[in-house]
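Participant: The following file, structure_18.csv, comprises CSV, C-alpha atoms:
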chain,number,residue,atom,x,y,z
A,1,MET,CA,-30.1,33.1,12.0
A,2,LYS,CA,-31.1,34.5,8.6
A,3,VAL,CA,-30.1,32.4,5.6
A,4,ASP,CA,-29.6,34.0,2.3
A,5,ARG,CA,-31.3,31.5,0.0
A,6,ALA,CA,-29.9,33.3,-3.1
A,7,ASN,CA,-26.4,32.1,-2.2
A,8,PRO,CA,-25.2,28.9,-4.1
A,9,LEU,CA,-24.6,25.8,-2.0
A,10,TRP,CA,-20.8,26.1,-2.1
A,11,ARG,CA,-20.9,29.4,-0.1
A,12,PHE,CA,-22.3,27.6,3.0
A,13,HIS,CA,-19.8,27.0,5.8
A,14,GLY,CA,-18.1,23.7,5.6
A,15,ILE,CA,-18.7,23.0,1.9
A,16,THR,CA,-15.2,24.1,0.8
A,17,PRO,CA,-13.3,22.0,3.3
A,18,MET,CA,-15.5,19.0,2.5
A,19,ALA,CA,-14.8,19.4,-1.2
A,20,ILE,CA,-11.1,19.6,-0.6
A,21,VAL,CA,-11.1,16.4,1.5
A,22,PHE,CA,-13.2,14.7,-1.1
A,23,PHE,CA,-10.9,15.6,-4.0
A,24,ALA,CA,-7.8,14.8,-2.0
A,25,TYR,CA,-9.2,11.4,-1.1
A,26,LEU,CA,-10.1,10.8,-4.7
A,27,TYR,CA,-7.0,12.0,-6.5
A,28,LEU,CA,-4.1,11.8,-3.9
A,29,PRO,CA,-3.6,8.0,-4.3
A,30,ILE,CA,-3.4,8.5,-8.1
A,31,ILE,CA,-0.8,11.2,-7.7
A,32,VAL,CA,1.2,8.9,-5.3
A,33,LEU,CA,1.0,6.1,-7.9
A,34,LEU,CA,2.3,8.3,-10.6
A,35,VAL,CA,5.2,9.5,-8.5
A,36,LEU,CA,6.2,6.1,-7.3
A,37,SER,CA,6.2,4.8,-10.9
A,38,PHE,CA,9.4,6.9,-11.3
A,39,ASN,CA,11.0,5.4,-8.1
A,40,GLU,CA,14.4,4.0,-8.6
A,41,ASN,CA,14.1,1.5,-5.8
A,42,ARG,CA,12.9,-2.1,-6.4
A,43,LEU,CA,10.7,-1.6,-3.3
A,44,ALA,CA,7.7,0.3,-4.7
A,45,THR,CA,6.9,2.2,-1.5
A,46,ILE,CA,10.4,3.4,-0.5
A,47,TRP,CA,11.6,6.4,-2.5
A,48,THR,CA,15.3,6.4,-3.2
A,49,GLY,CA,15.6,8.5,-6.4
A,50,PHE,CA,14.1,9.4,-9.8
A,51,SER,CA,14.3,6.9,-12.6
A,52,THR,CA,12.3,5.9,-15.8
A,53,LYS,CA,13.8,2.4,-16.0
A,54,TRP,CA,10.6,0.7,-14.9
A,55,TYR,CA,8.8,2.0,-18.0
A,56,SER,CA,11.6,0.4,-20.1
A,57,VAL,CA,11.1,-2.8,-18.2
A,58,VAL,CA,7.4,-2.7,-18.9
A,59,LEU,CA,7.8,-2.0,-22.6
A,60,GLY,CA,10.3,-4.9,-22.8
A,61,ASN,CA,8.1,-7.5,-21.1
A,62,ASP,CA,6.8,-9.8,-23.8
A,63,ASP,CA,4.0,-11.3,-21.7
A,64,MET,CA,2.8,-7.9,-20.8
A,65,LEU,CA,2.9,-6.7,-24.4
A,66,ARG,CA,1.0,-9.8,-25.4
A,67,ALA,CA,-1.7,-9.0,-22.8
A,68,ALA,CA,-1.8,-5.4,-24.1
A,69,LYS,CA,-2.3,-6.7,-27.7
A,70,ASN,CA,-5.2,-8.8,-26.5
A,71,SER,CA,-6.8,-5.8,-24.8
A,72,LEU,CA,-6.4,-3.7,-27.9
A,73,ILE,CA,-7.9,-6.4,-30.2
A,74,ILE,CA,-10.9,-6.8,-27.8
A,75,ALA,CA,-11.4,-3.1,-27.2
A,76,LEU,CA,-11.3,-2.2,-30.9
A,77,SER,CA,-13.6,-5.0,-32.0
A,78,ALA,CA,-16.1,-4.3,-29.2
A,79,THR,CA,-16.0,-0.6,-29.9
A,80,VAL,CA,-16.7,-0.9,-33.6
A,81,VAL,CA,-19.7,-3.3,-33.1
A,82,ALA,CA,-21.1,-1.5,-30.0
A,83,THR,CA,-20.9,1.9,-31.7
A,84,PHE,CA,-22.6,0.7,-34.8
A,85,ALA,CA,-25.4,-1.0,-32.8
A,86,ALA,CA,-25.8,2.0,-30.5
A,87,THR,CA,-26.0,4.4,-33.6
A,88,LEU,CA,-28.8,2.3,-35.1
A,89,ALA,CA,-30.6,2.0,-31.7
A,90,ALA,CA,-30.3,5.8,-31.1
A,91,MET,CA,-31.7,6.6,-34.5
A,92,GLY,CA,-34.5,4.1,-34.1
A,93,MET,CA,-35.4,5.5,-30.7
A,94,ALA,CA,-35.3,9.1,-32.0
A,95,ARG,CA,-37.8,8.5,-34.8
A,96,GLY,CA,-40.8,9.0,-32.6
A,97,ARG,CA,-42.8,7.5,-29.7
A,98,PHE,CA,-44.0,3.9,-30.0
A,99,ARG,CA,-45.5,1.3,-27.7
A,100,GLY,CA,-43.0,0.0,-25.3
A,101,GLU,CA,-40.5,2.8,-25.9
A,102,GLY,CA,-39.9,3.2,-22.1
A,103,GLY,CA,-39.1,-0.5,-21.8
A,104,VAL,CA,-36.7,-0.5,-24.7
A,105,ALA,CA,-34.9,2.6,-23.4
A,106,ALA,CA,-34.6,0.9,-20.0
A,107,MET,CA,-33.2,-2.2,-21.6
A,108,LEU,CA,-30.6,-0.2,-23.5
A,109,THR,CA,-29.3,1.4,-20.3
A,110,LEU,CA,-29.7,-1.5,-18.0
A,111,PRO,CA,-26.1,-2.7,-18.1
A,112,LEU,CA,-25.2,0.7,-16.5
A,113,LEU,CA,-27.3,-0.1,-13.5
A,114,VAL,CA,-26.7,-3.8,-13.0
A,115,PRO,CA,-23.6,-4.6,-10.9
A,116,GLU,CA,-20.8,-5.7,-13.2
A,117,ILE,CA,-20.1,-8.9,-11.2
A,118,VAL,CA,-23.8,-9.9,-11.9
A,119,THR,CA,-23.4,-9.2,-15.6
A,120,ALA,CA,-20.1,-11.2,-15.7
A,121,ILE,CA,-21.6,-14.3,-14.0
A,122,ALA,CA,-24.8,-14.2,-16.1
A,123,THR,CA,-22.7,-13.9,-19.3
A,124,LEU,CA,-20.5,-16.8,-18.2
A,125,LEU,CA,-23.5,-19.0,-17.5
A,126,PHE,CA,-25.1,-18.0,-20.8
A,127,PHE,CA,-21.9,-18.9,-22.7
A,128,ILE,CA,-21.7,-22.3,-20.9
A,129,VAL,CA,-25.3,-23.1,-21.7
A,130,ILE,CA,-25.1,-22.3,-25.4
A,131,GLY,CA,-21.6,-23.9,-25.7
A,132,VAL,CA,-19.5,-20.9,-26.6
A,133,LYS,CA,-15.8,-21.5,-26.1
A,134,LEU,CA,-14.2,-19.1,-23.7
A,135,GLY,CA,-11.5,-17.0,-25.2
A,136,LEU,CA,-11.0,-13.7,-27.1
A,137,ILE,CA,-14.3,-14.1,-29.0
A,138,SER,CA,-16.3,-14.6,-25.8
A,139,ILE,CA,-14.7,-11.5,-24.3
A,140,ILE,CA,-15.4,-9.5,-27.4
A,141,ILE,CA,-19.1,-10.5,-27.4
A,142,ALA,CA,-19.4,-9.7,-23.7
A,143,HIS,CA,-17.6,-6.4,-24.0
A,144,THR,CA,-19.7,-5.4,-27.0
A,145,VAL,CA,-23.0,-5.9,-25.1
A,146,PHE,CA,-21.6,-4.1,-22.0
A,147,CYS,CA,-20.3,-1.1,-24.1
A,148,ILE,CA,-23.5,-0.4,-26.1
A,149,PRO,CA,-25.0,1.8,-23.4
A,150,PHE,CA,-21.8,3.9,-23.1
A,151,ALA,CA,-21.9,4.5,-26.9
A,152,TYR,CA,-25.7,4.9,-27.0
A,153,LEU,CA,-26.0,7.8,-24.5
A,154,PRO,CA,-23.7,10.4,-26.3
A,155,ILE,CA,-25.3,9.5,-29.6
A,156,ARG,CA,-28.8,9.8,-28.4
A,157,ALA,CA,-28.0,13.1,-26.6
A,158,ARG,CA,-26.7,14.4,-29.9
A,159,LEU,CA,-29.8,13.3,-31.8
A,160,ASP,CA,-32.1,14.9,-29.2
A,161,GLY,CA,-30.3,18.2,-29.7
A,162,MET,CA,-30.7,18.2,-33.5
A,163,ASP,CA,-33.4,20.4,-35.1
A,164,PRO,CA,-36.0,18.0,-36.7
A,165,ALA,CA,-36.8,20.8,-39.2
A,166,LEU,CA,-33.5,20.0,-41.0
A,167,ILE,CA,-34.7,16.6,-41.9
A,168,GLU,CA,-38.1,17.9,-42.9
A,169,ALA,CA,-36.4,20.5,-45.1
A,170,ALA,CA,-34.4,17.7,-46.8
A,171,ASN,CA,-37.6,15.7,-47.4
A,172,ASP,CA,-39.2,18.8,-48.9
A,173,LEU,CA,-36.2,18.9,-51.3
A,174,TYR,CA,-36.9,15.3,-52.3
A,175,ALA,CA,-34.0,13.8,-50.5
A,176,ASN,CA,-34.5,10.1,-49.5
A,177,GLU,CA,-33.6,8.7,-46.1
A,178,TRP,CA,-30.1,7.8,-47.1
A,179,GLN,CA,-29.4,11.1,-48.7
A,180,ALA,CA,-30.8,12.9,-45.6
A,181,PHE,CA,-28.6,10.8,-43.4
A,182,LYS,CA,-25.5,11.2,-45.5
A,183,ARG,CA,-25.7,15.0,-46.0
A,184,ILE,CA,-27.4,16.2,-42.8
A,185,THR,CA,-27.7,13.7,-40.0
A,186,PHE,CA,-24.3,12.1,-40.1
A,187,PRO,CA,-22.3,15.4,-40.3
A,188,LEU,CA,-24.2,16.7,-37.3
A,189,LEU,CA,-24.1,13.3,-35.5
A,190,TRP,CA,-20.4,12.3,-35.9
A,191,PRO,CA,-19.2,14.1,-32.7
A,192,GLY,CA,-21.6,12.0,-30.7
A,193,ILE,CA,-20.7,8.8,-32.5
A,194,LEU,CA,-16.9,9.5,-32.0
A,195,SER,CA,-17.5,10.4,-28.4
A,196,GLY,CA,-19.5,7.2,-27.8
A,197,ALA,CA,-16.8,5.1,-29.6
A,198,MET,CA,-14.0,6.5,-27.4
A,199,LEU,CA,-15.9,5.9,-24.2
A,200,SER,CA,-16.6,2.4,-25.3
A,201,PHE,CA,-13.0,1.8,-26.2
A,202,ILE,CA,-11.7,3.0,-22.8
A,203,ILE,CA,-14.4,1.1,-20.9
A,204,SER,CA,-13.5,-2.1,-22.7
A,205,LEU,CA,-9.7,-1.5,-22.4
A,206,ASP,CA,-9.9,-1.0,-18.6
A,207,ASP,CA,-12.5,-3.8,-17.9
A,208,PHE,CA,-11.4,-6.5,-15.5
A,209,VAL,CA,-14.4,-8.2,-14.0
A,210,ILE,CA,-16.1,-9.4,-17.2
A,211,SER,CA,-12.8,-10.3,-18.9
A,212,TYR,CA,-11.8,-12.3,-15.8
A,213,PHE,CA,-15.0,-14.4,-15.8
A,214,VAL,CA,-15.6,-15.0,-19.6
A,215,GLY,CA,-11.9,-15.2,-20.7
A,216,GLY,CA,-10.1,-18.4,-21.4
A,217,ALA,CA,-6.6,-19.7,-22.1
A,218,GLY,CA,-4.6,-17.4,-24.2
A,219,SER,CA,-7.0,-14.5,-23.8
A,220,THR,CA,-5.3,-12.7,-20.8
A,221,THR,CA,-5.9,-9.0,-21.0
A,222,LEU,CA,-3.8,-6.2,-19.5
A,223,PRO,CA,-6.0,-5.7,-16.4
A,224,ILE,CA,-5.9,-9.4,-15.7
A,225,TYR,CA,-2.2,-9.5,-16.2
A,226,ILE,CA,-1.8,-6.6,-13.7
A,227,PHE,CA,-4.0,-8.4,-11.2
A,228,GLY,CA,-1.7,-11.5,-11.5
A,229,MET,CA,1.3,-9.3,-10.8
A,230,ILE,CA,-0.1,-7.6,-7.7
A,231,ARG,CA,-0.9,-11.0,-6.1
A,232,ILE,CA,2.8,-11.3,-5.3
A,233,GLY,CA,3.1,-7.7,-4.2
A,234,ILE,CA,3.1,-4.2,-5.6
A,235,THR,CA,6.2,-3.6,-7.7
A,236,PRO,CA,7.5,-0.6,-9.7
A,237,GLU,CA,6.5,-2.4,-12.9
A,238,VAL,CA,2.9,-2.4,-11.6
A,239,ASN,CA,3.0,1.3,-10.9
A,240,ALA,CA,4.5,2.0,-14.3
A,241,ILE,CA,1.9,0.0,-16.3
A,242,SER,CA,-0.9,1.4,-14.1
A,243,ALA,CA,0.4,4.9,-14.8
A,244,LEU,CA,0.4,4.3,-18.5
A,245,MET,CA,-3.2,3.0,-18.5
A,246,LEU,CA,-4.2,5.9,-16.4
A,247,ILE,CA,-2.7,8.4,-18.8
A,248,ILE,CA,-4.4,6.6,-21.8
A,249,SER,CA,-7.7,6.6,-20.0
A,250,ILE,CA,-7.5,10.3,-19.1
A,251,VAL,CA,-6.5,11.2,-22.7
A,252,PHE,CA,-9.4,9.3,-24.2
A,253,VAL,CA,-12.0,10.5,-21.8
A,254,SER,CA,-10.8,14.1,-22.2
A,255,ILE,CA,-11.0,13.9,-26.0
A,256,SER,CA,-14.4,12.3,-25.8
A,257,PHE,CA,-15.6,15.2,-23.6
A,258,LEU,CA,-14.2,17.8,-25.9
A,259,ILE,CA,-15.6,16.1,-29.0
A,260,ASP,CA,-19.1,15.9,-27.4
A,261,ARG,CA,-19.0,19.7,-26.8
A,262,VAL,CA,-18.5,20.4,-30.5
A,263,ARG,CA,-21.4,22.6,-31.6
A,264,TYR,CA,-23.7,22.0,-34.5
What's the structure tokens form of this structure?
Facilitator:
Amino acid sequence: MKVDRANPLWRFHGITPMAIVFFAYLYLPIIVLLVLSFNENRLATIWTGFSTKWYSVVLGNDDMLRAAKNSLIIALSATVVATFAATLAAMGMARGRFRGEGGVAAMLTLPLLVPEIVTAIATLLFFIVIGVKLGLISIIIAHTVFCIPFAYLPIRARLDGMDPALIEAANDLYANEWQAFKRITFPLLWPGILSGAMLSFIISLDDFVISYFVGGAGSTTLPIYIFGMIRIGITPEVNAISALMLIISIVFVSISFLIDRVRY
């Protein structure tokens, strides 16, 4: 049987059905969750009619709102610090080759490769050894370190795509480093910075494992609160708050993707 090697992979027999099964397996449970969040019945898995009352119940739950507030405080704090650190790291790495560059680059992206449970346990042990009290501050510190790679990669990609001749031209016009950064680098780099910040924010907001291990009394985040709710069974409130978090995540990731595609 002669195979046309010029054909792309998706034209081979069986690829299309496999792709359909893959996407159905990936997204069908999410669609079911969204639909059941509008279920009128108290039993989450038995559909009896359309209703939005569970969203009102969620927004009127003081404990849940308190957990959401904690999540927002942690996510915003970690995002600001992680994005600032990632910007400095990306600019430093983009200056030129130096001894140990590969090792530094590997260290910056290592949290992406290490299982999150390992990171959480190691961070917890580190905090215990140095005597850090577990609470909001410990979660912010842990999230900041965890989010740096997510902010670093879009920023570094943006820097790698910049024309170095622009900075050289600025230097020829007697601009110092700050002036070159302010007038040339930053206007071209801001989409990458904003994209990295939004990714860091949504990663921190949705994180459960690290927050669960390094959190303390009074630092319950929204994912931890949801975990506590599902231990007594899936309810429409769980579906509603999960749907809200899903929508927020999709919006932020989509905006981050669109911003990162902004041309120079």
Participant: What does the distance between atom CA of A:Leu125 and atom CA of A:Leu108 come to in Å, to one decimal place?
Facilitator: 21.0 Å
Participant: Which neighbours of A:Leu166 fall inside 9 Å, counting only C-alpha atoms, when residues of the same chain fewer than 4 positions from it are skipped, and could you give them as a list in words?
Facilitator: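 My list of contacting residues is Met162, Ala170, Asn171, Ala180, Ile184 and Thr185 of chain A.
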Participant: Could you tell me how far atom CA of A:Phe84 lies from atom CA of A:Ile193, in Å and to one decimal?
Facilitator: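 Taking atom CA of A:Phe84 as the start and atom CA of A:Ile193 as the end point, the length is 8.6 Å.
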Participant: Expressed in Å to a single decimal, how great is the separation between atom CA of A:Ile224 and atom CA of A:Asp207?
Facilitator: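 Taking atom CA of A:Ile224 and atom CA of A:Asp207, their separation equals 8.9 Å.
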Participant: Give the answer as one residue: which of A:Tyr152, A:Phe146, A:Trp47, A:Phe201 has the shortest atom-to-atom distance to A:Ile73, using only C-alpha atoms?
Facilitator: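 Checking each of A:Tyr152, A:Phe146, A:Trp47, A:Phe201 against A:Ile73, counting only C-alpha atoms, the winner is A:Phe201.
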Participant: Smallest atom-to-atom distance to A:Ile155: which of A:Val114, A:Met107, A:Met91, A:Val129, using only C-alpha atoms?
Facilitator: A:Met91
Participant: Quick one: residues within 9 Å of stretch 121-123 of chain A, only C-alpha atoms counted, chain neighbours fewer than 2 positions away excluded, as a PyMOL selection string?
Facilitator: chain A and resi 116-119+125-128+142+210+213-214
Participant: Please work out which residues fall within 12 Å of (-14.0, 5.1, -23.8), coordinates as given in the file, with only C-alpha atoms counting, and return them as number ranges by chain.
Facilitator: A: 75-76, 78-80, 82-83, 147-151, 154, 193-207, 248-257
Participant: Any chance you can output those residues with C-alpha atoms as an mmCIF file, keeping the file's coordinate frame?
Facilitator:
data_model
loop_
_atom_site.group_PDB
_atom_site.id
_atom_site.type_symbol
_atom_site.label_atom_id
_atom_site.label_comp_id
_atom_site.auth_asym_id
_atom_site.auth_seq_id
_atom_site.Cartn_x
_atom_site.Cartn_y
_atom_site.Cartn_z
ATOM 1 C CA ALA A 75 -11.400 -3.100 -27.200
ATOM 2 C CA LEU A 76 -11.300 -2.200 -30.900
ATOM 3 C CA ALA A 78 -16.100 -4.300 -29.200
ATOM 4 C CA THR A 79 -16.000 -0.600 -29.900
ATOM 5 C CA VAL A 80 -16.700 -0.900 -33.600
ATOM 6 C CA ALA A 82 -21.100 -1.500 -30.000
ATOM 7 C CA THR A 83 -20.900 1.900 -31.700
ATOM 8 C CA CYS A 147 -20.300 -1.100 -24.100
ATOM 9 C CA ILE A 148 -23.500 -0.400 -26.100
ATOM 10 C CA PRO A 149 -25.000 1.800 -23.400
ATOM 11 C CA PHE A 150 -21.800 3.900 -23.100
ATOM 12 C CA ALA A 151 -21.900 4.500 -26.900
ATOM 13 C CA PRO A 154 -23.700 10.400 -26.300
ATOM 14 C CA ILE A 193 -20.700 8.800 -32.500
ATOM 15 C CA LEU A 194 -16.900 9.500 -32.000
ATOM 16 C CA SER A 195 -17.500 10.400 -28.400
ATOM 17 C CA GLY A 196 -19.500 7.200 -27.800
ATOM 18 C CA ALA A 197 -16.800 5.100 -29.600
ATOM 19 C CA MET A 198 -14.000 6.500 -27.400
ATOM 20 C CA LEU A 199 -15.900 5.900 -24.200
ATOM 21 C CA SER A 200 -16.600 2.400 -25.300
ATOM 22 C CA PHE A 201 -13.000 1.800 -26.200
ATOM 23 C CA ILE A 202 -11.700 3.000 -22.800
ATOM 24 C CA ILE A 203 -14.400 1.100 -20.900
ATOM 25 C CA SER A 204 -13.500 -2.100 -22.700
ATOM 26 C CA LEU A 205 -9.700 -1.500 -22.400
ATOM 27 C CA ASP A 206 -9.900 -1.000 -18.600
ATOM 28 C CA ASP A 207 -12.500 -3.800 -17.900
ATOM 29 C CA ILE A 248 -4.400 6.600 -21.800
ATOM 30 C CA SER A 249 -7.700 6.600 -20.000
ATOM 31 C CA ILE A 250 -7.500 10.300 -19.100
ATOM 32 C CA VAL A 251 -6.500 11.200 -22.700
ATOM 33 C CA PHE A 252 -9.400 9.300 -24.200
ATOM 34 C CA VAL A 253 -12.000 10.500 -21.800
ATOM 35 C CA SER A 254 -10.800 14.100 -22.200
ATOM 36 C CA ILE A 255 -11.000 13.900 -26.000
ATOM 37 C CA SER A 256 -14.400 12.300 -25.800
ATOM 38 C CA PHE A 257 -15.600 15.200 -23.600
#
Participant: Which of these, A:Ala165, A:Leu43, A:Leu134, A:Leu244, has the shortest distance to A:Ala68 once you count all atoms listed in the file?
Facilitator: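 Residue with the minimum atom-to-atom distance to A:Ala68: A:Leu244.
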Participant: Kindly indicate which residue among A:Ala169, A:Ala86, A:Leu110, A:Ile74 lies nearest to A:Ile141, using only C-alpha atoms for the distances.
Facilitator: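 That would be A:Ile74, the residue with the smallest distance to A:Ile141.
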Participant: Show me as a list in words the residues that reach within 8 Å of (-4.6, -11.2, -27.2), counting only C-alpha atoms and using the file's own coordinates.
Facilitator: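 Final list of nearby residues, as requested, is Arg66, Ala67, Ala68, Lys69, Asn70, Ser71, Leu72, Ile73, Ile74, Leu136, Gly218, Ser219, Thr220 and Thr221 of chain A.
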Participant: Taking into account all atoms listed in the file, which residue in the set A:Met64, A:Ile230, A:Ile241, A:Ala85 is nearest to A:Val145?
Facilitator: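 Of the candidates, the smallest distance to A:Val145 is held by A:Ala85.
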Participant: Taking all atoms listed in the file into account, name the residue in A:Ala240, A:Leu34, A:Ala105, A:Ala24 that is nearest to A:Ser56.
Facilitator: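 Selected residue with least distance to A:Ser56: A:Ala240.
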Participant: Can you patch up stretch 151-167 of chain A, filling it in to N, CA, C and O atoms, and show the result as a PDB file, in the coordinates of the input?
Facilitator:
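See part_31.pdb below for the written result:
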ATOM      1  N   ALA A 151     -21.891   3.867 -25.556  1.00  0.00           N
ATOM      2  CA  ALA A 151     -21.900   4.500 -26.900  1.00  0.00           C
ATOM      3  C   ALA A 151     -23.261   5.118 -27.179  1.00  0.00           C
ATOM      4  O   ALA A 151     -23.341   6.152 -27.852  1.00  0.00           O
ATOM      5  N   TYR A 152     -24.318   4.506 -26.672  1.00  0.00           N
ATOM      6  CA  TYR A 152     -25.700   4.900 -27.000  1.00  0.00           C
ATOM      7  C   TYR A 152     -25.989   6.324 -26.403  1.00  0.00           C
ATOM      8  O   TYR A 152     -26.583   7.173 -27.091  1.00  0.00           O
ATOM      9  N   LEU A 153     -25.603   6.566 -25.163  1.00  0.00           N
ATOM     10  CA  LEU A 153     -26.000   7.800 -24.500  1.00  0.00           C
ATOM     11  C   LEU A 153     -25.486   9.068 -25.173  1.00  0.00           C
ATOM     12  O   LEU A 153     -26.264  10.001 -25.397  1.00  0.00           O
ATOM     13  N   PRO A 154     -24.193   9.178 -25.538  1.00  0.00           N
ATOM     14  CA  PRO A 154     -23.700  10.400 -26.300  1.00  0.00           C
ATOM     15  C   PRO A 154     -24.411  10.553 -27.612  1.00  0.00           C
ATOM     16  O   PRO A 154     -24.719  11.675 -28.032  1.00  0.00           O
ATOM     17  N   ILE A 155     -24.634   9.428 -28.314  1.00  0.00           N
ATOM     18  CA  ILE A 155     -25.300   9.500 -29.600  1.00  0.00           C
ATOM     19  C   ILE A 155     -26.705   9.958 -29.515  1.00  0.00           C
ATOM     20  O   ILE A 155     -27.164  10.826 -30.267  1.00  0.00           O
ATOM     21  N   ARG A 156     -27.426   9.390 -28.565  1.00  0.00           N
ATOM     22  CA  ARG A 156     -28.800   9.800 -28.400  1.00  0.00           C
ATOM     23  C   ARG A 156     -28.930  11.229 -27.928  1.00  0.00           C
ATOM     24  O   ARG A 156     -29.832  11.971 -28.368  1.00  0.00           O
ATOM     25  N   ALA A 157     -28.019  11.665 -27.058  1.00  0.00           N
ATOM     26  CA  ALA A 157     -28.000  13.100 -26.600  1.00  0.00           C
ATOM     27  C   ALA A 157     -27.803  13.997 -27.808  1.00  0.00           C
ATOM     28  O   ALA A 157     -28.422  15.068 -27.902  1.00  0.00           O
ATOM     29  N   ARG A 158     -26.925  13.597 -28.706  1.00  0.00           N
ATOM     30  CA  ARG A 158     -26.700  14.400 -29.900  1.00  0.00           C
ATOM     31  C   ARG A 158     -27.880  14.468 -30.800  1.00  0.00           C
ATOM     32  O   ARG A 158     -28.220  15.530 -31.343  1.00  0.00           O
ATOM     33  N   LEU A 159     -28.556  13.339 -30.957  1.00  0.00           N
ATOM     34  CA  LEU A 159     -29.800  13.300 -31.800  1.00  0.00           C
ATOM     35  C   LEU A 159     -30.876  14.159 -31.186  1.00  0.00           C
ATOM     36  O   LEU A 159     -31.592  14.857 -31.915  1.00  0.00           O
ATOM     37  N   ASP A 160     -31.022  14.101 -29.870  1.00  0.00           N
ATOM     38  CA  ASP A 160     -32.100  14.900 -29.200  1.00  0.00           C
ATOM     39  C   ASP A 160     -31.854  16.374 -29.369  1.00  0.00           C
ATOM     40  O   ASP A 160     -32.805  17.157 -29.332  1.00  0.00           O
ATOM     41  N   GLY A 161     -30.588  16.769 -29.545  1.00  0.00           N
ATOM     42  CA  GLY A 161     -30.300  18.200 -29.700  1.00  0.00           C
ATOM     43  C   GLY A 161     -30.384  18.691 -31.131  1.00  0.00           C
ATOM     44  O   GLY A 161     -30.234  19.895 -31.371  1.00  0.00           O
ATOM     45  N   MET A 162     -30.631  17.805 -32.076  1.00  0.00           N
ATOM     46  CA  MET A 162     -30.700  18.200 -33.500  1.00  0.00           C
ATOM     47  C   MET A 162     -32.107  18.779 -33.782  1.00  0.00           C
ATOM     48  O   MET A 162     -33.108  18.348 -33.216  1.00  0.00           O
ATOM     49  N   ASP A 163     -32.142  19.727 -34.675  1.00  0.00           N
ATOM     50  CA  ASP A 163     -33.400  20.400 -35.100  1.00  0.00           C
ATOM     51  C   ASP A 163     -34.109  19.453 -36.093  1.00  0.00           C
ATOM     52  O   ASP A 163     -33.593  19.224 -37.196  1.00  0.00           O
ATOM     53  N   PRO A 164     -35.277  18.912 -35.760  1.00  0.00           N
ATOM     54  CA  PRO A 164     -36.000  18.000 -36.700  1.00  0.00           C
ATOM     55  C   PRO A 164     -36.391  18.744 -37.995  1.00  0.00           C
ATOM     56  O   PRO A 164     -36.668  18.094 -39.009  1.00  0.00           O
ATOM     57  N   ALA A 165     -36.417  20.077 -37.963  1.00  0.00           N
ATOM     58  CA  ALA A 165     -36.800  20.800 -39.200  1.00  0.00           C
ATOM     59  C   ALA A 165     -35.776  20.618 -40.284  1.00  0.00           C
ATOM     60  O   ALA A 165     -36.115  20.772 -41.465  1.00  0.00           O
ATOM     61  N   LEU A 166     -34.541  20.260 -39.933  1.00  0.00           N
ATOM     62  CA  LEU A 166     -33.500  20.000 -41.000  1.00  0.00           C
ATOM     63  C   LEU A 166     -33.883  18.823 -41.809  1.00  0.00           C
ATOM     64  O   LEU A 166     -33.755  18.850 -43.042  1.00  0.00           O
ATOM     65  N   ILE A 167     -34.316  17.753 -41.174  1.00  0.00           N
ATOM     66  CA  ILE A 167     -34.700  16.600 -41.900  1.00  0.00           C
ATOM     67  C   ILE A 167     -35.980  16.831 -42.721  1.00  0.00           C
ATOM     68  O   ILE A 167     -36.126  16.367 -43.865  1.00  0.00           O
TER      69      ILE A 167
END
